[in-house]
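Chemist: Submitted below is the structure of interest, expressed as structure tokens.
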Amino acid sequence: MDTTTGAKRDGAVTDGFDHASAAYDRLVAASPGYHAHLGLSARRLDPGALSPEPRILDLGCGTGASTAALLRIAPSARIIGVDASEGMLAAARAKSWPDTVSFHRARAEELTPEWAAEHLGGPVDAVFGAYLIRNCPDPDLALSVMRNLLRPGGRLVLHEYSVADSVSARAVWSAVCRGVIIPAGRALSGSDELFRYLWRSVLEFDGRRALLERMRRAGLVSVASAPMPGWQYGITHTFAGMRPEEGR
């Protein structure tokens with residue numbers, strides 16, 4: 001990790017998301033497959049295995065794109081979106097949501113089972129984290145927190161970039177960032193700092209195998225990954241795991 005990227009993970013990245021929040025929905029709308037891929041990872045929570053009115057925690061919810069994906073696959077769910085960026089949350093809250101959806105400002109590492117009991121009525125059936133774990137200063141701590149928020153048998157799904165295991169994926173990611181993401185981010189938000197951070201942070205992050213091993217070390221079982229289709233094949237993945245049932 002270079003010092004610039006490390007410093008951003010320690011807090012400055014939140015300021016970058018605050019700055020980009022007004023343009024963020026336009027940026028992701030221009031990304032082929034962005035919303036469809038979130039929907040695919042949401043479906044990999046296996047909504048049929050959830051309770052009839054599940055409690056779902058959407059960590060790193062941003063402007064609510066992941067929240068909407070979760071609502072589509074579990075319309076009866078009670079969902080709380082959590083994000084550290086007030087600018088992103090303001091954009092999310094400005095949209096139309098049912099009464100079963102709410103938003104809360106916090107960092108993932110700050111959440112506790114007691115917080116889940118207060119805000120959701122108990123441990124959650126599922127945790128969903130889109131483009132989150134790579135931005136956490138301590139990914140192992142964040143995964144441990146997520147596990148502890150789940151009920152026994154509850155499911156965790158991460159939707160995340162991971163290119164370290166593939167030379168071709170790294171090359172495609174860099175080409176797309178240099179040719180599309182960074183210029184578009186500069187044009188729409190007035191700054192390319194956040195988007196250069198995005199590029200570097202993905203290159204520096206865990207490969208698929210390393211992230212799966214992190215999840216196992218955090219006490220998750222039935223850990224597996226699955227790729228996204230299209231140009232993001234080998235770049236963006238779903239990572240899934242479960243908190244063990246009681247007695248295991």
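Chains: A, B, ... in order of the structure tokens. Residues: from 1 per chain. Ligands: from 1, in order shown.
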Check range 88-149 of chain A with DSSP on the backbone and list each residue it calls strand (DSSP E), as a ChimeraX atom specification.
Modeler: /A:101-105,124-130
Chemist: As an MDAnalysis selection string, please: the residues near Asp58 in chain A (cut-off 8 Å, only C-alpha atoms, same-chain neighbours under 6 positions excluded).
Modeler: chainID A and resid 66:67 79:82 127:129
Chemist: Write a file of the just-selected residues containing N, CA and C atoms, as a PDB file, in the first residue's frame.
Modeler:
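And here is the file that came out, selection_4.pdb:
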```
ATOM      1  N   SER A  66     -27.134   0.027  -3.838  1.00  0.00           N
ATOM      2  CA  SER A  66     -27.153  -1.322  -3.270  1.00  0.00           C
ATOM      3  C   SER A  66     -28.416  -1.553  -2.451  1.00  0.00           C
ATOM      4  N   THR A  67     -28.886  -0.515  -1.770  1.00  0.00           N
ATOM      5  CA  THR A  67     -30.128  -0.627  -0.994  1.00  0.00           C
ATOM      6  C   THR A  67     -31.293  -0.971  -1.909  1.00  0.00           C
ATOM      7  N   ILE A  79     -34.458  -2.872   6.089  1.00  0.00           N
ATOM      8  CA  ILE A  79     -33.093  -2.608   5.622  1.00  0.00           C
ATOM      9  C   ILE A  79     -32.577  -1.313   6.232  1.00  0.00           C
ATOM     10  N   ILE A  80     -31.394  -1.362   6.790  1.00  0.00           N
ATOM     11  CA  ILE A  80     -30.703  -0.137   7.210  1.00  0.00           C
ATOM     12  C   ILE A  80     -29.452   0.004   6.365  1.00  0.00           C
ATOM     13  N   GLY A  81     -29.349   1.148   5.676  1.00  0.00           N
ATOM     14  CA  GLY A  81     -28.146   1.491   4.944  1.00  0.00           C
ATOM     15  C   GLY A  81     -27.216   2.282   5.836  1.00  0.00           C
ATOM     16  N   VAL A  82     -25.961   1.908   5.859  1.00  0.00           N
ATOM     17  CA  VAL A  82     -24.957   2.569   6.701  1.00  0.00           C
ATOM     18  C   VAL A  82     -23.818   3.050   5.823  1.00  0.00           C
ATOM     19  N   VAL A 127     -25.843  -9.396   5.905  1.00  0.00           N
ATOM     20  CA  VAL A 127     -25.035  -8.183   5.734  1.00  0.00           C
ATOM     21  C   VAL A 127     -24.585  -8.141   4.288  1.00  0.00           C
ATOM     22  N   PHE A 128     -24.756  -6.987   3.667  1.00  0.00           N
ATOM     23  CA  PHE A 128     -24.328  -6.775   2.286  1.00  0.00           C
ATOM     24  C   PHE A 128     -23.349  -5.613   2.282  1.00  0.00           C
ATOM     25  N   GLY A 129     -22.197  -5.800   1.662  1.00  0.00           N
ATOM     26  CA  GLY A 129     -21.195  -4.738   1.601  1.00  0.00           C
ATOM     27  C   GLY A 129     -20.676  -4.575   0.187  1.00  0.00           C
TER      28      GLY A 129
END
```
Chemist: Can you list, as a list in words, every protein, DNA or RNA residue that comes within 12 Å of Trp97 in chain A when you count only C-alpha atoms, leaving out same-chain residues fewer than 5 positions away?
Modeler: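 Counting only C-alpha atoms, the residues come to Gly64, Ala65, Thr67, Ala68, Leu71, Arg72, Pro75, Arg78, Ile79, Ile80, Gly81, Ala92, Ser102 and Phe103 of chain A.
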Chemist: Residues at most 10 Å from range 25-42 of chain A, counting only C-alpha atoms, excluding those fewer than 2 positions away in the same chain, as an MDAnalysis selection string?
Modeler: chainID A and resid 20:23 44:47 62:74 88 91:92 128:130 157:160 180:181 184:185 187:189 226:232 236:240
Chemist: Identify, on the basis of only C-alpha atoms, every residue whose closest approach to Val221 in chain A does not exceed 8 Å; exclude the query and any residue fewer than 6 positions from it along the same chain; express the result as a VMD selection string.
Modeler: chain A and resid 241 to 244
Chemist: Just the number, please: distance in Å from CA of Asp15 in chain A to CA of Trp199 in chain A, one decimal.
Modeler: 17.0 Å
Chemist: State, in Å with one decimal place, the distance from CA of Ser168 in chain A to CA of Ser225 in chain A.
Modeler: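 Between CA of Ser168 in chain A and CA of Ser225 in chain A the gap is 18.7 Å.
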Chemist: Looking at A:Glu114, A:Glu193, A:Asp125, A:Asp140, which one is nearest to Pro52 in chain A, with distances taken over only C-alpha atoms?
Modeler: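 Residue with the minimum atom-to-atom distance to Pro52 in chain A: A:Asp125.
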Chemist: What is the CA of Val145 in chain A to CA of Ala210 in chain A distance in Å?
Modeler: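 CA of Ala210 in chain A lies at a distance of 18.6 Å from CA of Val145 in chain A.
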Chemist: Write down as a PyMOL selection string the residues belonging to range 58-211 of chain A that are assigned alpha helix (DSSP H) by DSSP computed on the backbone.
Modeler: chain A and resi 65-73+86-93+113-120+139-149+167-176+182-189+193-204+208-211
Chemist: Give me the residues near Arg208 in chain A as a PyMOL selection string, where near means some atom within 8 Å (using only C-alpha atoms) and where sequence neighbours in that chain fewer than 2 positions away do not count.
Modeler: chain A and resi 162-165+206+210-212+225
Chemist: Could you save those same residues with N, CA, C and O atoms as a compact mmCIF listing (two decimals), in the first residue's frame?
Modeler:
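Output contents, as saved in part.txt:
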```txt
# COMPACT_ATOMS: atom_id res chain seq x y z
N SER A 162 -11.47 -7.22 -7.28
CA SER A 162 -10.30 -7.97 -6.86
C SER A 162 -9.57 -8.44 -8.11
O SER A 162 -10.08 -9.27 -8.86
N VAL A 163 -8.38 -7.88 -8.33
CA VAL A 163 -7.65 -8.17 -9.58
C VAL A 163 -6.25 -8.72 -9.35
O VAL A 163 -5.55 -9.03 -10.31
N ALA A 164 -5.83 -8.88 -8.09
CA ALA A 164 -4.44 -9.23 -7.81
C ALA A 164 -4.05 -10.60 -8.34
O ALA A 164 -2.87 -10.86 -8.59
N ASP A 165 -5.02 -11.49 -8.53
CA ASP A 165 -4.71 -12.84 -8.98
C ASP A 165 -4.64 -12.98 -10.50
O ASP A 165 -4.38 -14.07 -11.01
N ASP A 206 -6.54 -7.16 -1.89
CA ASP A 206 -6.44 -8.62 -1.91
C ASP A 206 -6.85 -9.22 -3.25
O ASP A 206 -7.80 -8.76 -3.89
N ALA A 210 -6.98 -14.45 -1.36
CA ALA A 210 -6.62 -13.82 -0.09
C ALA A 210 -7.86 -13.31 0.64
O ALA A 210 -7.95 -13.41 1.87
N LEU A 211 -8.81 -12.76 -0.08
CA LEU A 211 -10.01 -12.26 0.58
C LEU A 211 -10.86 -13.42 1.12
O LEU A 211 -11.40 -13.34 2.22
N LEU A 212 -10.95 -14.49 0.37
CA LEU A 212 -11.67 -15.66 0.89
C LEU A 212 -11.02 -16.18 2.17
O LEU A 212 -11.72 -16.56 3.12
N SER A 225 -16.69 -17.61 -3.82
CA SER A 225 -16.78 -16.42 -4.66
C SER A 225 -17.35 -16.79 -6.01
O SER A 225 -17.32 -17.95 -6.42
```
